[in-house]
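Note: the block below is structure14.txt and it holds compact mmCIF, C-alpha atoms.
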```txt
# COMPACT_ATOMS: atom_id res chain seq x y z
CA MET F 23 66.85 173.75 81.92
CA VAL F 24 68.23 172.66 78.66
CA ASN F 25 71.72 173.55 79.81
CA LYS F 26 71.26 171.86 83.16
CA ARG F 27 69.85 168.82 81.51
CA TYR F 28 72.81 168.73 79.15
CA PHE F 29 75.23 169.05 82.05
CA PHE F 30 73.53 166.22 83.87
CA VAL F 31 73.75 163.95 80.91
CA THR F 32 77.35 164.96 80.40
CA ALA F 33 78.07 164.34 84.03
CA GLN F 34 76.43 160.98 83.73
CA PHE F 35 78.63 160.24 80.75
CA LEU F 36 81.73 161.43 82.57
CA MET F 37 80.88 159.31 85.59
CA ALA F 38 80.34 156.31 83.37
CA ALA F 39 83.60 156.96 81.60
CA ALA F 40 85.42 157.35 84.89
CA PHE F 41 83.96 154.06 86.14
CA PHE F 42 85.01 152.37 82.91
CA LEU F 43 88.55 153.64 83.35
CA LEU F 44 88.68 152.48 86.96
CA ALA F 45 87.31 149.11 85.99
CA THR F 46 89.89 148.84 83.24
CA GLN F 47 92.71 149.70 85.62
CA SER F 48 91.40 147.23 88.16
CA ALA F 49 91.29 144.47 85.54
CA ARG F 50 94.83 145.26 84.49
CA ALA F 51 95.97 144.76 88.07
CA GLN F 52 94.61 141.22 88.03
CA VAL F 53 97.01 139.70 85.55
CA THR F 54 96.81 135.94 85.55
CA ASP F 55 99.96 133.99 84.96
CA SER F 56 100.64 130.30 84.74
CA GLY F 57 103.42 127.77 84.43
CA THR F 58 103.60 124.07 83.90
CA VAL F 59 105.31 121.00 85.31
CA THR F 60 105.26 118.08 82.94
CA MET F 61 106.26 114.72 84.30
CA SER F 62 106.72 111.30 82.85
CA GLY F 63 107.86 107.88 83.93
CA SER F 64 107.67 104.25 83.06
CA VAL F 65 107.08 100.87 84.59
CA ALA F 66 108.93 97.89 83.19
CA ALA F 67 107.84 94.31 83.62
CA ALA F 68 109.37 93.13 86.88
CA PHE F 69 109.95 89.71 88.37
CA ARG F 70 111.24 88.86 91.82
CA ILE F 71 112.26 85.68 93.53
CA SER F 72 113.03 85.62 97.23
CA SER F 73 112.90 83.44 100.26
CA GLY F 74 109.46 82.28 101.27
CA GLY F 75 110.59 81.58 104.81
CA ALA F 76 113.03 79.44 106.69
CA ALA F 77 113.74 76.07 105.14
CA THR F 78 112.70 73.04 107.13
CA VAL F 79 114.77 69.95 107.10
CA THR F 80 114.69 66.40 108.35
CA GLY F 81 117.92 64.61 109.10
CA ALA F 82 120.16 67.43 107.89
CA THR F 83 121.22 71.00 108.61
CA VAL F 84 120.29 74.13 106.76
CA THR F 85 121.39 77.71 106.58
CA GLY F 86 119.16 80.01 104.66
CA ASP F 87 116.99 82.99 104.48
CA ALA F 88 114.23 84.58 106.45
CA PHE F 89 111.02 85.48 104.69
CA ASN F 90 111.46 88.05 101.92
CA THR F 91 115.23 87.77 101.72
CA ARG F 92 116.54 88.52 98.28
CA PRO F 93 118.50 87.25 96.52
CA LEU F 94 117.38 83.83 97.57
CA ALA F 95 120.33 81.73 98.75
CA VAL F 96 119.82 78.60 100.80
CA THR F 97 122.52 76.08 101.62
CA LEU F 98 121.53 72.57 102.64
CA ALA F 99 124.07 70.24 104.26
CA PHE F 100 122.56 66.78 104.11
CA GLY F 101 125.35 65.34 106.18
CA ASP F 102 125.97 61.64 105.95
CA VAL F 103 123.68 60.00 103.42
CA GLY F 104 125.34 56.62 103.68
CA PRO F 105 124.15 53.70 105.75
CA ALA F 106 125.54 55.36 108.90
CA ASN F 107 122.46 57.54 108.71
CA THR F 108 119.67 55.24 109.75
CA ASN F 109 116.89 57.73 108.99
CA SER F 110 114.67 56.45 106.22
CA ILE F 111 114.97 59.65 104.25
CA VAL F 112 116.78 62.97 104.53
CA SER F 113 114.78 65.84 103.16
CA ALA F 114 114.47 69.60 103.02
CA THR F 115 111.65 71.94 102.16
CA VAL F 116 112.64 75.36 100.89
CA PRO F 117 109.79 77.88 100.60
CA VAL F 118 110.27 80.22 97.68
CA GLN F 119 108.39 83.45 97.09
CA ILE F 120 107.82 85.06 93.72
CA ARG F 121 106.27 88.36 92.65
CA SER F 122 105.61 89.89 89.26
CA ASN F 123 103.66 92.64 87.57
CA ALA F 124 103.33 90.59 84.38
CA ALA F 125 102.92 87.00 83.29
CA TYR F 126 105.89 84.91 84.33
CA LYS F 127 107.74 81.65 84.17
CA VAL F 128 110.22 80.07 86.55
CA VAL F 129 113.00 77.90 85.23
CA ALA F 130 115.24 75.69 87.32
CA GLN F 131 118.67 74.44 86.43
CA MET F 132 121.37 72.56 88.26
CA THR F 133 124.09 75.07 87.54
CA SER F 134 126.93 73.22 89.23
CA ASN F 135 127.60 69.86 90.84
CA THR F 136 130.34 67.50 91.88
CA PHE F 137 128.57 64.22 91.30
CA ASP F 138 131.03 61.48 90.31
CA SER F 139 129.44 60.29 87.13
CA ALA F 140 132.35 57.92 86.51
CA ASP F 141 131.34 55.88 89.53
CA THR F 142 127.78 54.75 89.12
CA ASP F 143 127.74 53.55 92.71
CA ALA F 144 128.49 57.01 93.99
CA ILE F 145 125.56 59.30 94.66
CA GLN F 146 124.23 60.70 91.38
CA ALA F 147 121.86 63.49 90.44
CA THR F 148 119.20 60.83 89.96
CA ASP F 149 119.53 59.89 93.65
CA VAL F 150 118.42 63.32 94.81
CA GLY F 151 114.69 63.74 94.60
CA PHE F 152 113.61 67.21 93.55
CA GLY F 153 110.10 68.54 93.20
CA ILE F 154 107.89 71.59 93.55
CA THR F 155 104.60 71.54 95.43
CA ASN F 156 102.16 73.56 97.46
CA LEU F 157 101.41 76.73 95.52
CA ARG F 158 99.81 79.20 97.90
CA ALA F 159 99.42 82.86 98.70
CA ALA F 160 101.79 84.58 101.06
CA GLY F 161 99.88 85.85 104.08
CA ASP F 162 96.26 86.57 103.31
CA GLY F 163 97.09 87.12 99.66
CA ALA F 164 95.43 90.53 99.59
CA GLY F 165 98.17 91.86 97.35
CA LEU F 166 97.85 89.08 94.80
CA THR F 167 95.82 89.17 91.64
CA THR F 168 92.72 86.99 91.70
CA THR F 169 94.28 84.41 89.38
CA ALA F 170 97.77 84.35 90.85
CA VAL F 171 97.36 81.02 92.63
CA SER F 172 94.69 79.37 90.53
CA GLY F 173 96.30 80.40 87.26
CA SER F 174 99.80 79.24 88.12
CA THR F 175 100.87 75.79 86.99
CA ILE F 176 103.72 73.59 88.10
CA ALA F 177 105.19 71.62 85.24
CA ALA F 178 103.88 68.06 85.44
CA THR F 179 107.39 66.65 85.25
CA ILE F 180 108.40 68.40 88.44
CA ALA F 181 105.13 68.54 90.41
CA HIS F 182 106.12 65.84 92.86
CA ASP F 183 106.83 65.53 96.55
CA PRO F 184 109.95 63.36 96.69
CA VAL F 185 109.28 62.41 100.31
CA SER F 186 105.82 60.99 99.79
CA GLU F 187 106.50 59.69 96.29
CA VAL F 188 109.81 57.96 96.87
CA VAL F 189 109.97 54.47 95.45
CA THR F 190 111.94 52.03 97.59
CA SER F 191 110.87 48.77 96.00
CA GLY F 192 114.02 48.48 93.91
CA LEU F 193 117.58 48.14 95.09
CA ARG F 194 118.21 51.82 94.72
CA ALA F 195 115.58 54.32 95.86
CA SER F 196 114.10 56.42 93.08
CA PHE F 197 111.92 59.49 92.68
CA PRO F 198 109.53 60.66 89.97
CA SER F 199 111.66 63.78 89.53
CA THR F 200 115.25 64.41 90.55
CA LEU F 201 118.08 66.86 90.08
CA SER F 202 118.65 65.09 86.80
CA SER F 203 115.28 66.52 85.69
CA VAL F 204 116.77 70.00 85.88
CA SER F 205 120.24 69.25 84.57
CA ALA F 206 119.35 71.66 81.78
CA SER F 207 117.30 74.85 82.06
CA THR F 208 113.77 73.59 82.64
CA GLN F 209 110.53 75.51 83.03
CA VAL F 210 109.04 74.39 86.33
CA LEU F 211 106.33 76.95 86.93
CA SER F 212 104.39 79.55 84.98
CA GLY F 213 101.39 81.77 85.39
CA PRO F 214 99.73 85.16 85.03
CA ARG F 215 100.62 88.44 86.67
CA LEU F 216 101.00 87.76 90.37
CA THR F 217 101.18 91.05 92.20
CA LYS F 218 98.77 93.94 92.37
CA ALA F 219 100.06 97.49 92.39
CA SER F 220 101.72 97.36 95.77
CA GLN F 221 104.99 97.87 97.52
CA GLU F 222 107.99 95.61 97.50
CA ASN F 223 108.41 93.16 100.37
CA LYS F 224 104.87 93.26 101.68
CA ALA F 225 103.89 90.09 103.52
CA ASN F 226 100.90 89.28 101.33
CA ASN F 227 101.69 90.17 97.73
CA GLY F 228 103.78 87.14 96.80
CA LEU F 229 103.12 83.60 95.64
CA LEU F 230 104.78 80.83 97.63
CA PHE F 231 105.78 77.35 96.59
CA ASP F 232 107.86 74.66 98.22
CA THR F 233 110.96 73.24 96.65
CA LYS F 234 111.46 69.78 98.08
CA ILE F 235 114.71 67.84 98.02
CA ALA F 236 115.18 64.33 99.40
CA ILE F 237 117.78 61.60 99.59
CA VAL F 238 117.40 58.08 100.89
CA PRO F 239 120.60 57.08 102.72
CA GLN F 240 122.08 54.11 100.92
CA TYR F 241 125.35 52.24 100.29
CA PHE F 242 126.75 54.92 98.04
CA SER F 243 130.48 55.00 97.43
CA THR F 244 132.23 57.05 100.05
CA GLY F 245 132.86 60.66 99.18
CA ASN F 246 131.33 64.10 99.12
CA PHE F 247 128.97 65.81 96.75
CA SER F 248 127.54 69.24 96.21
CA ALA F 249 125.04 70.69 93.79
CA THR F 250 123.53 74.12 93.15
CA VAL F 251 120.09 74.64 91.67
CA THR F 252 119.35 78.11 90.33
CA LEU F 253 115.75 79.29 90.03
CA THR F 254 115.11 82.14 87.62
CA ILE F 255 111.88 84.08 87.09
CA SER F 256 111.27 85.99 83.89
CA ALA F 257 108.72 86.76 81.22
CA PRO F 258 107.38 83.67 79.41
CA MET U 25 116.20 118.37 91.96
CA LEU U 26 115.39 114.75 91.13
CA ILE U 27 116.08 112.08 93.74
CA ASN U 28 116.33 108.27 93.50
CA ALA U 29 115.42 108.11 89.82
CA ILE U 30 116.72 105.45 87.46
CA GLY U 31 116.80 106.70 83.91
CA GLY U 32 115.13 109.96 84.92
CA SER U 33 115.88 113.59 84.27
CA ILE U 34 114.67 117.07 85.00
CA THR U 35 114.88 120.03 82.66
CA GLY U 36 113.84 123.65 82.84
CA GLY U 37 112.98 125.74 85.82
CA ALA U 38 116.03 127.96 85.99
CA PHE U 39 115.61 130.85 88.39
CA ASN U 40 113.36 133.55 86.93
CA GLN U 41 112.41 131.44 83.93
CA HIS U 42 109.20 132.82 82.48
CA PRO U 43 106.94 131.36 81.36
CA PHE U 44 107.69 128.74 83.91
CA SER U 45 108.03 125.25 82.45
CA VAL U 46 109.66 122.20 84.01
CA THR U 47 109.78 118.69 82.63
CA VAL U 48 110.38 115.84 85.04
CA ASN U 49 111.09 112.32 83.87
CA PHE U 50 110.78 110.04 86.90
CA GLY U 51 112.30 107.18 84.94
CA GLU U 52 111.51 103.69 86.16
CA VAL U 53 108.88 103.59 88.91
CA GLY U 54 108.31 99.85 88.95
CA PRO U 55 110.04 97.34 91.24
CA ALA U 56 113.14 97.52 89.07
CA ASN U 57 113.84 100.77 90.88
CA GLN U 58 114.94 99.75 94.36
CA ASN U 59 116.08 103.21 95.38
CA GLY U 60 113.13 104.13 97.53
CA ILE U 61 110.88 107.08 96.83
CA VAL U 62 111.47 108.88 93.56
CA SER U 63 110.89 112.58 94.04
CA ALA U 64 111.29 115.95 92.41
CA VAL U 65 111.59 119.28 94.19
CA ILE U 66 110.61 122.21 92.00
CA PRO U 67 111.02 125.74 93.36
CA LEU U 68 108.16 127.99 92.27
CA GLN U 69 108.61 131.75 92.33
CA LEU U 70 105.56 133.95 92.81
CA ARG U 71 105.20 137.70 92.41
CA SER U 72 102.09 139.82 92.63
CA SER U 73 100.94 143.38 92.97
CA ASP U 74 97.87 142.32 94.89
CA SER U 75 96.75 139.53 97.15
CA TYR U 76 97.07 136.33 95.25
CA GLN U 77 95.92 132.78 94.98
CA LEU U 78 97.78 129.90 93.38
CA THR U 79 95.80 127.10 91.82
CA ALA U 80 97.08 123.82 90.46
CA GLN U 81 95.47 121.46 88.02
CA VAL U 82 96.38 118.33 86.13
CA THR U 83 95.74 119.69 82.67
CA SER U 84 96.76 116.61 80.75
CA GLY U 85 97.77 113.05 81.44
CA ASN U 86 97.69 109.56 80.07
CA PHE U 87 96.65 107.68 83.18
CA ASN U 88 95.15 104.29 82.45
CA PHE U 89 92.03 104.60 84.58
CA ALA U 90 90.69 101.32 83.21
CA ASP U 91 93.52 99.42 84.90
CA SER U 92 93.47 100.12 88.61
CA GLU U 93 96.83 98.35 88.93
CA ALA U 94 98.52 100.89 86.67
CA VAL U 95 99.94 104.14 88.04
CA GLN U 96 97.02 106.36 89.02
CA PRO U 97 96.95 110.06 89.97
CA SER U 98 96.56 108.95 93.57
CA ASP U 99 99.94 107.22 93.37
CA ILE U 100 101.79 110.51 92.92
CA GLY U 101 102.16 112.56 96.05
CA PHE U 102 102.07 116.33 95.82
CA GLY U 103 102.88 118.94 98.42
CA LEU U 104 104.15 122.48 98.86
CA GLN U 105 106.78 123.40 101.38
CA ASN U 106 109.35 125.91 102.41
CA ILE U 107 107.88 129.32 101.63
CA ARG U 108 110.73 131.78 101.63
CA GLU U 109 111.85 135.03 100.08
CA ALA U 110 113.77 135.10 96.83
CA GLY U 111 117.21 136.60 97.18
CA ASN U 112 117.42 139.06 100.03
CA GLY U 113 113.73 139.87 99.76
CA GLY U 114 114.57 143.53 99.46
CA ASN U 115 111.69 144.23 97.11
CA LEU U 116 109.06 142.26 98.91
CA LYS U 117 106.01 143.97 100.26
CA THR U 118 105.99 144.35 104.01
CA ASN U 119 103.13 144.54 106.45
CA PRO U 120 101.79 142.04 105.85
CA ASP U 121 104.87 139.97 105.17
CA PRO U 122 104.03 137.70 102.20
CA VAL U 123 106.29 134.92 103.48
CA THR U 124 104.74 134.48 106.88
CA ASN U 125 101.25 135.36 105.74
CA SER U 126 101.04 133.02 102.77
CA VAL U 127 99.06 129.90 103.49
CA ILE U 128 99.33 126.49 101.86
CA THR U 129 96.02 124.70 101.62
CA SER U 130 95.60 121.91 104.14
CA GLY U 131 96.38 118.56 102.59
CA PHE U 132 99.12 120.01 100.46
CA ASP U 133 101.13 121.58 103.28
CA ASN U 134 103.45 118.62 103.63
CA ASP U 135 106.42 116.90 102.08
CA PRO U 136 105.05 113.73 100.44
CA ARG U 137 108.42 112.05 100.90
CA ILE U 138 107.93 112.31 104.66
CA SER U 139 104.15 112.09 104.94
CA ILE U 140 103.97 108.98 102.75
CA ASP U 141 102.00 106.16 104.35
CA THR U 142 103.45 102.75 103.53
CA SER U 143 101.39 100.72 105.97
CA ALA U 144 98.95 99.50 103.34
CA LEU U 145 99.76 97.45 100.26
CA ARG U 146 99.87 100.58 98.11
CA ALA U 147 101.67 103.68 99.29
CA SER U 148 99.50 106.75 99.86
CA TYR U 149 99.94 110.45 100.53
CA PRO U 150 97.86 113.23 102.15
CA GLY U 151 97.79 115.11 98.85
CA THR U 152 98.10 113.61 95.40
CA LEU U 153 97.51 114.46 91.77
CA ALA U 154 94.05 112.94 92.20
CA ASP U 155 93.22 116.06 94.19
CA LEU U 156 94.27 118.24 91.25
CA LEU U 157 92.09 116.80 88.52
CA ASN U 158 90.12 120.05 88.76
CA PRO U 159 91.61 123.48 89.52
CA VAL U 160 92.38 123.57 93.22
CA LEU U 161 93.56 126.41 95.39
CA VAL U 162 96.87 125.26 96.80
CA MET U 163 98.29 128.49 98.23
CA ARG U 164 97.22 132.05 98.85
CA GLY U 165 98.49 135.18 100.48
CA PRO U 166 98.77 138.96 100.50
CA ARG U 167 100.48 141.13 97.95
CA ILE U 168 103.99 139.86 97.40
CA SER U 169 106.03 142.45 95.54
CA SER U 170 106.65 146.07 96.39
CA SER U 171 106.18 148.67 93.71
CA GLY U 172 109.94 148.81 93.24
CA GLY U 173 110.03 145.17 92.39
CA LEU U 174 107.46 145.11 89.64
CA GLY U 175 109.69 146.27 86.86
CA GLY U 176 109.96 142.94 85.11
CA ASN U 177 110.42 139.26 85.43
CA ASN U 178 114.09 139.35 86.24
CA CYS U 179 113.90 140.96 89.63
CA SER U 180 115.85 138.65 91.95
CA ASN U 181 114.43 139.81 95.25
CA CYS U 182 110.79 140.69 94.68
CA GLY U 183 109.28 137.23 94.77
CA ILE U 184 108.61 134.47 97.21
CA LEU U 185 109.65 130.88 96.64
CA ALA U 186 107.86 127.67 97.53
CA ASP U 187 108.92 124.13 96.76
CA ALA U 188 106.49 121.96 94.86
CA ILE U 189 107.36 118.39 95.76
CA LEU U 190 106.26 115.39 93.72
CA ALA U 191 106.85 111.87 94.95
CA ILE U 192 106.16 108.36 93.74
CA LYS U 193 107.15 105.12 95.40
CA PRO U 194 108.14 102.40 92.93
CA GLN U 195 105.69 99.54 93.17
CA TYR U 196 104.29 96.61 91.22
CA PHE U 197 102.33 98.84 88.87
CA SER U 198 101.24 97.44 85.54
CA PRO U 199 103.95 97.92 82.92
CA GLY U 200 103.51 101.04 80.83
CA SER U 201 104.43 104.67 80.56
CA LEU U 202 103.17 107.80 82.21
CA SER U 203 102.92 111.43 81.24
CA VAL U 204 101.27 114.22 83.22
CA THR U 205 101.20 118.00 83.09
CA ILE U 206 100.34 120.15 86.07
CA THR U 207 99.52 123.80 85.40
CA PHE U 208 100.04 126.33 88.17
CA THR U 209 98.09 129.57 87.81
CA ILE U 210 98.44 132.67 89.93
CA ASP U 211 95.81 135.39 89.95
```
Rewritten as structure tokens:
Amino acid sequence: MVNKRYFFVTAQFLMAAAFFLLATQSARAQVTDSGTVTMSGSVAAAFRISSGGAATVTGATVTGDAFNTRPLAVTLAFGDVGPANTNSIVSATVPVQIRSNAAYKVVAQMTSNTFDSADTDAIQATDVGFGITNLRAAGDGAGLTTTAVSGSTIAATIAHDPVSEVVTSGLRASFPSTLSSVSASTQVLSGPRLTKASQENKANNGLLFDTKIAIVPQYFSTGNFSATVTLTISAP
Amino acid sequence: MLINAIGGSITGGAFNQHPFSVTVNFGEVGPANQNGIVSAVIPLQLRSSDSYQLTAQVTSGNFNFADSEAVQPSDIGFGLQNIREAGNGGNLKTNPDPVTNSVITSGFDNDPRISIDTSALRASYPGTLADLLNPVLVMRGPRISSSGGLGGNNCSNCGILADAILAIKPQYFSPGSLSVTITFTID
């Protein structure tokens, strides 16, 4: 009995040892391994200016950009702005769209012109009314930050509609703001971050404003003129 | 392979590198990058002497969760594609074939560059890093390597390959920087 009992215990031990060995071998077969992918990236402050839609014009012709076209480039041909044009005013409205992922400012500058400053009776920069109005969301504005429209401010010196605010009581028509107002780089608009995290060129993540330009046909000296206004958006 | 990046780079991940470690710098992922979707394709090689499962987890990251307009884990698409044999597959286990019998978990079995949804304001993907904030089974299958192919880590034909694809569409995210590590574990 003693021997049998001893054998049983030994057998139990051997069985336990065998199980331990099997378990050890099984664990060795399950070797875990791992590797890593580390990624990085960055987002810089970004500012965009593009067409806010087709320009509308009264008494002139226009070639320009469809909504979302970038870079913005609109050409206005006012045609005859002498007395041969019997319209009371020639004007154009150019919708502009801006986007940003940070606070912004827009500056305007007349970067080139052919006004004949030597002849004061020729059309001058002061004869071309220029203003910015009508801040609004593009589309339903779902891609704009909550303060994009309300927090944006047009500079008081340029926040005029030259069509409705033209002054014709003097000999020469005048405007509260003109191309002369932007003969140097001039901040015309500023505000907070405009665009939520969203894709480029969506129809509702931009802020729109209207650039308005107007001329009253008058007895200017005969000749031609041209002028280019450049709008630039950047960090304040 | 890094595609459409500006100022980006990819290092590591040479064939048979072990431990596996790849660093991807997507570069600029704001609107300044007009190249389309920035993506990285990273071939993973798996070997096993038993049925296996592959899990993935974002093990570290500096996402700015407080700013929902910053890049979030859900803005980075993740998928696995193109399971294939390494080399001539001569030391792969057969019956069952580990290539045809490995399964990518639904949601990750796509190329995020193709499955991207751009209809909403913010681009989205079927699978993203947001799905990997905890360990997640992304692929599983039968034993991969035959006994002849288990001699070491430099066997060129005893593993299977799968492409891990990461994608991010540049958007008007808040300015800042991003760093994320994904750990793949096979057991």
Discussion item. Show me, as number ranges by chain, the residues that have an atom within 8 Å of Ala67 in chain F when counting all atoms listed in the file, minus same-chain residues fewer than 5 positions from it.
Written reply: F: 122-124, 257; U: 54, 198-199
Practice prompt. Write out as number ranges by chain each polymer residue whose atoms come within 7 Å of Gly183 in chain U, counting all atoms listed in the file; drop sequence neighbours fewer than 6 positions from it.
Written response: U: 69-71, 109-110, 116, 168-169
Item to complete: Please provide the set of residues having any atom within 6 Å of Gln77 in chain U, restricted to only C-alpha atoms, with same-chain residues fewer than 5 positions apart removed, written as a PyMOL selection string.
Response: chain U and resi 163-164+210-211
Compile a residue-level contact table for range 60-165 of chain U against range 185-188 of chain U at a cut-off of 7 Å, reporting for every qualifying residue the shortest atom pair and its distance in Å to one decimal, with only C-alpha atoms counted, rows ordered by chain and ascending number, as CSV.
```
residue,atom,partner,partner_atom,distance
U:Val65,CA,U:Ala188,CA,5.8
U:Ile66,CA,U:Ala188,CA,5.0
U:Pro67,CA,U:Asp187,CA,4.3
U:Leu68,CA,U:Ala186,CA,5.3
U:Gln69,CA,U:Leu185,CA,4.5
U:Leu70,CA,U:Leu185,CA,6.4
U:Gly103,CA,U:Ala188,CA,5.9
U:Leu104,CA,U:Ala188,CA,4.7
U:Gln105,CA,U:Asp187,CA,5.1
U:Asn106,CA,U:Ala186,CA,5.4
U:Ile107,CA,U:Ala186,CA,4.4
U:Arg108,CA,U:Leu185,CA,5.2
U:Glu109,CA,U:Leu185,CA,5.8
U:Ala110,CA,U:Leu185,CA,5.9
```
Those selected residues, please, written with C-alpha atoms and delivered as a PDB file, in the coordinates of the input.
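The result, written out as result13.pdb:
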```
ATOM      1  CA  VAL U  65     111.590 119.280  94.190  1.00  0.00           C
ATOM      2  CA  ILE U  66     110.610 122.210  92.000  1.00  0.00           C
ATOM      3  CA  PRO U  67     111.020 125.740  93.360  1.00  0.00           C
ATOM      4  CA  LEU U  68     108.160 127.990  92.270  1.00  0.00           C
ATOM      5  CA  GLN U  69     108.610 131.750  92.330  1.00  0.00           C
ATOM      6  CA  LEU U  70     105.560 133.950  92.810  1.00  0.00           C
ATOM      7  CA  GLY U 103     102.880 118.940  98.420  1.00  0.00           C
ATOM      8  CA  LEU U 104     104.150 122.480  98.860  1.00  0.00           C
ATOM      9  CA  GLN U 105     106.780 123.400 101.380  1.00  0.00           C
ATOM     10  CA  ASN U 106     109.350 125.910 102.410  1.00  0.00           C
ATOM     11  CA  ILE U 107     107.880 129.320 101.630  1.00  0.00           C
ATOM     12  CA  ARG U 108     110.730 131.780 101.630  1.00  0.00           C
ATOM     13  CA  GLU U 109     111.850 135.030 100.080  1.00  0.00           C
ATOM     14  CA  ALA U 110     113.770 135.100  96.830  1.00  0.00           C
TER      15      ALA U 110
END
```
Worksheet item: Which residue gives the smallest distance to chain F among U:Asn28, U:Cys179, U:Ile100, U:Phe50, with all atoms listed in the file counted?
Response: U:Phe50
Discussion item. Using only C-alpha atoms, I'd like every residue of chain F that has an atom within 9 Å of chain U; please write them out as a ChimeraX atom specification.
Written reply: /F:51-70,121-124,164-165,217-222,224,226-227
Worksheet item: How many Å lie between CA of Ser98 in chain U and CA of Ile140 in chain U, rounded to one decimal?
Response: 11.8 Å
Per-residue nearest contacts range 108-148 of chain F to range 199-206 of chain F, cut-off 7 Å, using all atoms listed in the file, as a Markdown table:
```
| residue | atom | partner | partner_atom | distance |
| --- | --- | --- | --- | --- |
| F:Ala130 | CA | F:Val204 | CA | 6.1 |
| F:Gln131 | CA | F:Val204 | CA | 4.9 |
| F:Met132 | CA | F:Ser205 | CA | 5.1 |
| F:Ala147 | CA | F:Leu201 | CA | 5.1 |
| F:Thr148 | CA | F:Ser202 | CA | 5.3 |
```
Fill in: Near-Ala177 in chain F list (8 Å; only C-alpha atoms; drop same-chain fewer than 4 positions) as a list in words
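In the requested form, the answer reads Ala181, Gln209, Val210, Leu211 and Ser212 of chain F.
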Practice prompt. Fewer than 2 positions away in the same chain doesn't count, so skip those; otherwise give me all residues within 9 Å of range 184-191 of chain F, counting only C-alpha atoms, as a PyMOL selection string.
Written response: chain F and resi 111-113+150-153+182+193-200+234-238
Worksheet item: Looking at only C-alpha atoms, which of U:Asn178, U:Asn115, U:Leu156, U:Ile189 is the one that sits closest to Val62 in chain U?
Response: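 Smallest separation from Val62 in chain U among the options: U:Ile189.
Note that CA of Gly161 in chain F and CA of Pro214 in chain F are 19.1 Å apart.
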Padding 3 Å on each side, edges along x, y and z: where is the centre of the box around the listed atoms of range 100-104 of chain F, and how long are its edges in Å to one decimal? Output it as lines of an AutoDock Vina configuration file.
```
center_x = 124.3
center_y = 61.7
center_z = 104.8
size_x = 9.4
size_y = 16.2
size_z = 8.8
```
Worksheet item: Interatomic distance between CA of Thr97 in chain F and CA of Phe231 in chain F?
Response: 17.5 Å
Restore N, CA and C atoms in range 98-109 of chain U and list the result as a PDB file, in the coordinates of the input.
```
ATOM      1  N   SER U  98      96.438 109.084  92.118  1.00  0.00           N
ATOM      2  CA  SER U  98      96.560 108.950  93.570  1.00  0.00           C
ATOM      3  C   SER U  98      97.879 108.309  93.997  1.00  0.00           C
ATOM      4  N   ASP U  99      98.640 107.825  93.049  1.00  0.00           N
ATOM      5  CA  ASP U  99      99.940 107.220  93.370  1.00  0.00           C
ATOM      6  C   ASP U  99     101.064 108.243  93.362  1.00  0.00           C
ATOM      7  N   ILE U 100     100.748 109.483  92.996  1.00  0.00           N
ATOM      8  CA  ILE U 100     101.790 110.510  92.920  1.00  0.00           C
ATOM      9  C   ILE U 100     101.495 111.575  93.971  1.00  0.00           C
ATOM     10  N   GLY U 101     102.348 111.602  94.976  1.00  0.00           N
ATOM     11  CA  GLY U 101     102.160 112.560  96.050  1.00  0.00           C
ATOM     12  C   GLY U 101     102.544 113.965  95.625  1.00  0.00           C
ATOM     13  N   PHE U 102     101.797 114.935  96.148  1.00  0.00           N
ATOM     14  CA  PHE U 102     102.070 116.330  95.820  1.00  0.00           C
ATOM     15  C   PHE U 102     101.958 117.169  97.079  1.00  0.00           C
ATOM     16  N   GLY U 103     102.937 118.029  97.285  1.00  0.00           N
ATOM     17  CA  GLY U 103     102.880 118.940  98.420  1.00  0.00           C
ATOM     18  C   GLY U 103     103.665 120.207  98.130  1.00  0.00           C
ATOM     19  N   LEU U 104     103.415 121.207  98.935  1.00  0.00           N
ATOM     20  CA  LEU U 104     104.150 122.480  98.860  1.00  0.00           C
ATOM     21  C   LEU U 104     104.813 122.724 100.213  1.00  0.00           C
ATOM     22  N   GLN U 105     106.022 123.185 100.152  1.00  0.00           N
ATOM     23  CA  GLN U 105     106.780 123.400 101.380  1.00  0.00           C
ATOM     24  C   GLN U 105     107.722 124.579 101.229  1.00  0.00           C
ATOM     25  N   ASN U 106     108.180 125.039 102.374  1.00  0.00           N
ATOM     26  CA  ASN U 106     109.350 125.910 102.410  1.00  0.00           C
ATOM     27  C   ASN U 106     109.120 127.260 101.729  1.00  0.00           C
ATOM     28  N   ILE U 107     108.102 127.960 102.145  1.00  0.00           N
ATOM     29  CA  ILE U 107     107.880 129.320 101.630  1.00  0.00           C
ATOM     30  C   ILE U 107     108.998 130.221 102.154  1.00  0.00           C
ATOM     31  N   ARG U 108     109.589 130.953 101.244  1.00  0.00           N
ATOM     32  CA  ARG U 108     110.730 131.780 101.630  1.00  0.00           C
ATOM     33  C   ARG U 108     110.876 132.925 100.632  1.00  0.00           C
ATOM     34  N   GLU U 109     111.663 133.901 100.981  1.00  0.00           N
ATOM     35  CA  GLU U 109     111.850 135.030 100.080  1.00  0.00           C
ATOM     36  C   GLU U 109     112.913 134.694  99.032  1.00  0.00           C
TER      37      GLU U 109
END
```
